[in-house]
Amino acid sequence: MLDIKYIIANLDEAKRKTANRGAEFDFDLLISLDDKRKSLQAENDQLKAERNKVSKEIGAIKKSGGDISEIQAKMREAGDRIAAIDAELNEAAEKMNDMLLNLPNLHLEDVPVGKDENENTLYKEWGTAKDFNFEAKPHWDIADGLGILDFERGVKVSKSRFTAYMGLGAKLERALINFMLDTHAERGYKEVIAPYLVNAEAMKGTGQLPKFEEDLFKCERDELYLIPTAEVSVTNLYAQEILDEENLPVKHCSYSACFRREAGSHGKDVRGLIRQHQFNKVELVKVTRPEDSETELMELLESAEIILQKLNLPYRVMTLCSGDIGFSSAKTFDIEVWLPSQGAYREISSCSTFTDYQARRASIRFRRKGEKKVEFAHTINGSGLAVGRTFLAVLENYQNEDGTVTVPEALRPYLGGLEVIS
RNA sequence: GGAGUGGUGGCCGAGCUAGGCUGAAGGCGCUCGCCUGCUAAGCGAGUAUACGGCUUAUACCGUAUCGAGGGUUCGAAUCCCUCCCACUCCGCCA
């Protein structure tokens, strides 16, 4: 969340950038709640100070055998007043906090201002689309022909948007995961496996709650949520902690299954692997010093790109505009991979810096060497990559006319040297 | 699932069955200073976080925090209630 003090000191900026997102927010109400909170607290603190003082005196008087009934009665009244102000104070503080939790992050100055995805700007392009001398098939047809995905049986045991990977399909998925993790490990990312089910506190920390509850699968009776991305469990590994500066940046890569309800995208991408309720992803997560976060974001983006480069899959990188970046993000690059069957680029990774927005919510702080004061860290994360979408991009870009799929060279060591899936 | 024990500062660990002098003994660790051929030992001082006030900034002052929330009380780490978590034993189980 944003720092209330920062908002007050930079109100124009906060209003402008929130409007740039297309978000509505009542800043005046927020500030009036803060004022109320402050004056109530000042009054309350004073009363409590008095009570603490007198209570000590009562102790002394009682010890020396004096009469305390009168002073005690007076303090009883003071206690009632404190309780009343306490209630009012808590209400104002809670309201203010609720508002703050629903206020999105401020974007960085170099983020293009725009309404929606149509105003995202091209950051770079890499690779050239292969020229097929036959009609490129969608991945579900390819997979069907090879018997490596079973959409019907996936639906049978669960519901729509759940799929079973069969035989070499399952192997290819696993090869991709291992290939990605190994590649990132070489670049200094420490591998972690964190819980898939997390509590509400963690979801609040990274910004999924309270605003996006309907996008999450929830295990009601245990009060736990299925993670929509490993970002949640990995980032929150450091919640409520004060890290040493020398341990920064923290760099993690993490494979996890991800679960999304996809509420509100009913008609979209109903066929194939693009939009599933459950999918695999390798996530990159960093905790950094504020001054390092922008360069670390670029390094993270590069790490994600390297996967596509090694697989020789054409892609482009888009800078998301102010209206399209996520709730908690201050700046986001999307990597989009080329899909020949659609003749279009589709998102395969999203790399963001959250500045200190998540760090404040999750209370992830650090102490500089020799300093007493603690500061909020910055958090960064990105997919490196969405495995299911990489899987389908490989099928589509490496398909042959006879329905077989050539295995990208980088993956062959992970598939026992296999060259063609047939 | 059954039975039990416990959650205190960076860590260990007192206090909790006589509620006030305990933000919290003691030890360890860490920081600074002294001492010292070097290291070790020794000596001295310091060592939580949040919010608010004051301040140019330090400093300082106030409030809160002993798993979380609520209650009793003039006053609670200490008493009562609810919840959460960890550990041990038994049962069950990948």
# chains A, B, ... in the order shown; residues from 1 in each chain; ligands from 1

$ interface_residues --of "chain B" --to "chain A" --cutoff "10 Å" --atoms "only C-alpha atoms (C1' of nucleotides)" --output "list in words"
G20, C21, U31, U47, U49, C51, G52, G53, G62, U63, A64, U73, C74 and G75 of chain B

$ select_by_dssp --residues "region 206-316 of chain A" --states "strand (DSSP E or B)" --output "PyMOL selection string"
chain A and resi 218-219+224-226+241-244+250-259+278-288+315-316

$ residues_around --residues "Glu125 (chain A)" --least-positions-apart "6" --cutoff "12 Å" --atoms "only C-alpha atoms (C1' of nucleotides)" --output "PDB file with C-alpha atoms, in the first residue's frame"
ATOM      1  CA  GLU A 305      13.774 -13.518 -22.318  1.00  0.00           C
ATOM      2  CA  LEU A 308      12.606 -17.853 -25.169  1.00  0.00           C
ATOM      3  CA  GLN A 309      15.896 -17.136 -26.891  1.00  0.00           C
ATOM      4  CA  LEU A 313      10.770 -18.738 -30.033  1.00  0.00           C
ATOM      5  CA  PRO A 314      10.012 -15.311 -31.568  1.00  0.00           C
ATOM      6  CA  TYR A 315       8.669 -12.789 -29.112  1.00  0.00           C
ATOM      7  CA  ARG A 316       8.179  -9.138 -28.410  1.00  0.00           C
ATOM      8  CA  VAL A 317       8.270  -7.126 -25.210  1.00  0.00           C
ATOM      9  CA  MET A 318       5.594  -4.551 -24.462  1.00  0.00           C
ATOM     10  CA  THR A 319       5.698  -1.771 -21.904  1.00  0.00           C
ATOM     11  CA  ASP A 334       4.848  -8.179 -20.814  1.00  0.00           C
ATOM     12  CA  ILE A 335       6.648 -10.706 -22.952  1.00  0.00           C
ATOM     13  CA  GLU A 336       4.489 -12.024 -25.755  1.00  0.00           C
ATOM     14  CA  VAL A 337       5.364 -15.098 -27.752  1.00  0.00           C
ATOM     15  CA  TRP A 338       4.494 -15.621 -31.387  1.00  0.00           C
ATOM     16  CA  TYR A 345       1.673 -12.520 -30.086  1.00  0.00           C
TER      17      TYR A 345
END

$ residues_around --residues "Gln240 (chain A)" --least-positions-apart "3" --cutoff "8 Å" --atoms "only C-alpha atoms (C1' of nucleotides)" --output "PDB file with N, CA, C and O atoms, in the first residue's frame"
ATOM      1  N   ALA A 362       3.221  -6.226   3.199  1.00  0.00           N
ATOM      2  CA  ALA A 362       3.717  -7.446   3.831  1.00  0.00           C
ATOM      3  C   ALA A 362       4.758  -7.144   4.904  1.00  0.00           C
ATOM      4  O   ALA A 362       5.236  -8.043   5.583  1.00  0.00           O
ATOM      5  N   SER A 363       5.118  -5.856   5.027  1.00  0.00           N
ATOM      6  CA  SER A 363       6.154  -5.442   5.970  1.00  0.00           C
ATOM      7  C   SER A 363       7.468  -6.191   5.744  1.00  0.00           C
ATOM      8  O   SER A 363       7.943  -6.934   6.592  1.00  0.00           O
ATOM      9  N   ILE A 364       8.020  -5.979   4.550  1.00  0.00           N
ATOM     10  CA  ILE A 364       9.332  -6.541   4.217  1.00  0.00           C
ATOM     11  C   ILE A 364      10.322  -5.393   4.246  1.00  0.00           C
ATOM     12  O   ILE A 364      10.246  -4.476   3.434  1.00  0.00           O
ATOM     13  N   ARG A 365      11.213  -5.415   5.228  1.00  0.00           N
ATOM     14  CA  ARG A 365      12.107  -4.273   5.409  1.00  0.00           C
ATOM     15  C   ARG A 365      13.561  -4.709   5.422  1.00  0.00           C
ATOM     16  O   ARG A 365      13.865  -5.901   5.465  1.00  0.00           O
TER      17      ARG A 365
END

$ atom_distance --atom1 "CA of Ala92 (chain A)" --atom2 "CA of Tyr6 (chain A)"
19.0 Å

$ atom_distance --atom1 "CA of Glu371 (chain A)" --atom2 "CA of Leu284 (chain A)"
29.2 Å

$ residues_around --residues "Tyr225 (chain A)" --least-positions-apart "6" --cutoff "9 Å" --atoms "only C-alpha atoms (C1' of nucleotides)" --output "list in words"
Tyr196, Leu197, Val198, Asn199, Ala200, Met203, Leu216, Phe217, Lys218 and Cys219 of chain A

$ residues_around --residues "region 287-297 of chain A" --least-positions-apart "3" --cutoff "6 Å" --atoms "only C-alpha atoms (C1' of nucleotides)" --output "ChimeraX atom specification"
/A:248-250,300,377-379

$ residues_around --residues "G67 (chain B)" --least-positions-apart "5" --cutoff "12 Å" --atoms "only C-alpha atoms (C1' of nucleotides)" --output "list in words"
G6, G7, U8, C83, C84, C85 and A86 of chain B

$ write_last_selection --atoms "N, CA and C atoms (P, O5', C5', C4', C3', O3' and C1' of nucleotides)" --output "CSV table (one decimal), in the first residue's frame"
chain,number,residue,atom,x,y,z
B,6,G,P,2.6,-25.8,30.3
B,6,G,O5',3.2,-25.0,29.1
B,6,G,C5',4.6,-24.9,28.9
B,6,G,C4',4.9,-24.4,27.4
B,6,G,C3',4.5,-23.0,27.1
B,6,G,O3',5.4,-22.1,27.5
B,6,G,C1',3.9,-24.5,25.3
B,7,G,P,5.3,-20.5,27.2
B,7,G,O5',6.0,-20.5,25.7
B,7,G,C5',6.4,-19.3,25.1
B,7,G,C4',5.9,-19.3,23.7
B,7,G,C3',5.5,-17.9,23.2
B,7,G,O3',6.4,-17.4,22.3
B,7,G,C1',3.9,-19.5,22.6
B,8,U,P,8.0,-17.1,22.6
B,8,U,O5',7.8,-15.8,23.6
B,8,U,C5',7.2,-14.6,23.1
B,8,U,C4',7.4,-13.5,24.0
B,8,U,C3',8.9,-13.0,24.1
B,8,U,O3',9.1,-12.0,23.1
B,8,U,C1',8.1,-13.3,26.3
B,83,C,P,-12.6,-21.6,20.7
B,83,C,O5',-11.7,-20.9,19.6
B,83,C,C5',-12.2,-20.3,18.4
B,83,C,C4',-11.1,-19.5,17.8
B,83,C,C3',-9.9,-20.2,17.4
B,83,C,O3',-10.0,-20.8,16.1
B,83,C,C1',-9.3,-18.1,18.5
B,84,C,P,-9.0,-22.1,15.8
B,84,C,O5',-7.6,-21.3,15.5
B,84,C,C5',-7.5,-20.5,14.4
B,84,C,C4',-6.1,-19.9,14.4
B,84,C,C3',-5.0,-20.9,14.4
B,84,C,O3',-4.7,-21.4,13.1
B,84,C,C1',-4.5,-19.2,16.0
B,85,C,P,-4.1,-22.9,13.0
B,85,C,O5',-2.6,-22.7,13.5
B,85,C,C5',-1.7,-21.9,12.8
B,85,C,C4',-0.4,-21.7,13.6
B,85,C,C3',0.3,-23.0,14.0
B,85,C,O3',1.1,-23.5,13.0
B,85,C,C1',0.1,-21.5,15.9
B,86,A,P,1.4,-25.0,12.9
B,86,A,O5',2.5,-25.2,14.1
B,86,A,C5',3.8,-24.5,13.9
B,86,A,C4',4.6,-24.7,15.2
B,86,A,C3',4.8,-26.2,15.6
B,86,A,O3',5.8,-26.8,14.9
B,86,A,C1',4.2,-24.9,17.4

$ closest_residue --among "A:Asp131, A:Gln276, A:Glu191, A:Leu226" --to "Lys159 (chain A)" --atoms "only C-alpha atoms"
A:Gln276

$ closest_residue --among "A:Lys5, A:Gly65, A:Lys281, A:Glu375" --to "Asn178 (chain A)" --atoms "only C-alpha atoms"
A:Lys281

$ select_by_dssp --residues "region 118-155 of chain A" --states "helix (DSSP H, G or I)" --output "list in words"
Asn118, Glu119, His139, Trp140, Asp141, Ile142, Ala143, Asp144, Gly145, Leu146, Phe151, Glu152, Arg153, Gly154 and Val155 of chain A

$ write_last_selection --atoms "N, CA, C and O atoms" --output "JSON list (two decimals), in the first residue's frame"
[["chain", "number", "residue", "atom", "x", "y", "z"],
["A", 118, "ASN", "N", -4.52, -1.48, -25.69],
["A", 118, "ASN", "CA", -4.24, -0.94, -27.02],
["A", 118, "ASN", "C", -3.20, 0.17, -26.99],
["A", 118, "ASN", "O", -2.66, 0.54, -28.03],
["A", 119, "GLU", "N", -2.96, 0.71, -25.82],
["A", 119, "GLU", "CA", -2.00, 1.79, -25.72],
["A", 119, "GLU", "C", -0.68, 1.37, -25.09],
["A", 119, "GLU", "O", 0.15, 2.20, -24.73],
["A", 139, "HIS", "N", -2.43, -25.49, -31.41],
["A", 139, "HIS", "CA", -1.76, -26.50, -30.60],
["A", 139, "HIS", "C", -2.67, -27.63, -30.16],
["A", 139, "HIS", "O", -2.23, -28.76, -29.96],
["A", 140, "TRP", "N", -3.97, -27.34, -30.00],
["A", 140, "TRP", "CA", -4.86, -28.42, -29.55],
["A", 140, "TRP", "C", -5.00, -29.50, -30.62],
["A", 140, "TRP", "O", -5.12, -30.67, -30.28],
["A", 141, "ASP", "N", -4.93, -29.09, -31.89],
["A", 141, "ASP", "CA", -4.97, -30.08, -32.95],
["A", 141, "ASP", "C", -3.68, -30.90, -33.00],
["A", 141, "ASP", "O", -3.71, -32.12, -33.16],
["A", 142, "ILE", "N", -2.58, -30.19, -32.86],
["A", 142, "ILE", "CA", -1.29, -30.88, -32.87],
["A", 142, "ILE", "C", -1.23, -31.90, -31.73],
["A", 142, "ILE", "O", -0.87, -33.06, -31.92],
["A", 143, "ALA", "N", -1.62, -31.41, -30.51],
["A", 143, "ALA", "CA", -1.55, -32.26, -29.32],
["A", 143, "ALA", "C", -2.48, -33.45, -29.45],
["A", 143, "ALA", "O", -2.15, -34.58, -29.04],
["A", 144, "ASP", "N", -3.63, -33.21, -30.04],
["A", 144, "ASP", "CA", -4.61, -34.27, -30.25],
["A", 144, "ASP", "C", -4.02, -35.35, -31.14],
["A", 144, "ASP", "O", -4.11, -36.55, -30.84],
["A", 145, "GLY", "N", -3.41, -34.92, -32.24],
["A", 145, "GLY", "CA", -2.82, -35.86, -33.18],
["A", 145, "GLY", "C", -1.73, -36.70, -32.54],
["A", 145, "GLY", "O", -1.55, -37.88, -32.86],
["A", 146, "LEU", "N", -1.00, -36.09, -31.61],
["A", 146, "LEU", "CA", 0.12, -36.80, -30.98],
["A", 146, "LEU", "C", -0.29, -37.53, -29.71],
["A", 146, "LEU", "O", 0.48, -38.30, -29.15],
["A", 151, "PHE", "N", -7.87, -33.30, -23.29],
["A", 151, "PHE", "CA", -8.76, -32.27, -22.76],
["A", 151, "PHE", "C", -10.03, -32.88, -22.17],
["A", 151, "PHE", "O", -10.49, -32.48, -21.10],
["A", 152, "GLU", "N", -10.60, -33.88, -22.86],
["A", 152, "GLU", "CA", -11.88, -34.45, -22.41],
["A", 152, "GLU", "C", -11.74, -35.09, -21.03],
["A", 152, "GLU", "O", -12.57, -34.91, -20.15],
["A", 153, "ARG", "N", -10.68, -35.87, -20.87],
["A", 153, "ARG", "CA", -10.54, -36.57, -19.58],
["A", 153, "ARG", "C", -10.20, -35.60, -18.45],
["A", 153, "ARG", "O", -10.55, -35.82, -17.30],
["A", 154, "GLY", "N", -9.49, -34.53, -18.81],
["A", 154, "GLY", "CA", -9.21, -33.51, -17.79],
["A", 154, "GLY", "C", -10.51, -32.92, -17.27],
["A", 154, "GLY", "O", -10.70, -32.77, -16.06],
["A", 155, "VAL", "N", -11.40, -32.64, -18.19],
["A", 155, "VAL", "CA", -12.70, -32.07, -17.82],
["A", 155, "VAL", "C", -13.50, -33.09, -17.01],
["A", 155, "VAL", "O", -14.17, -32.73, -16.05]]
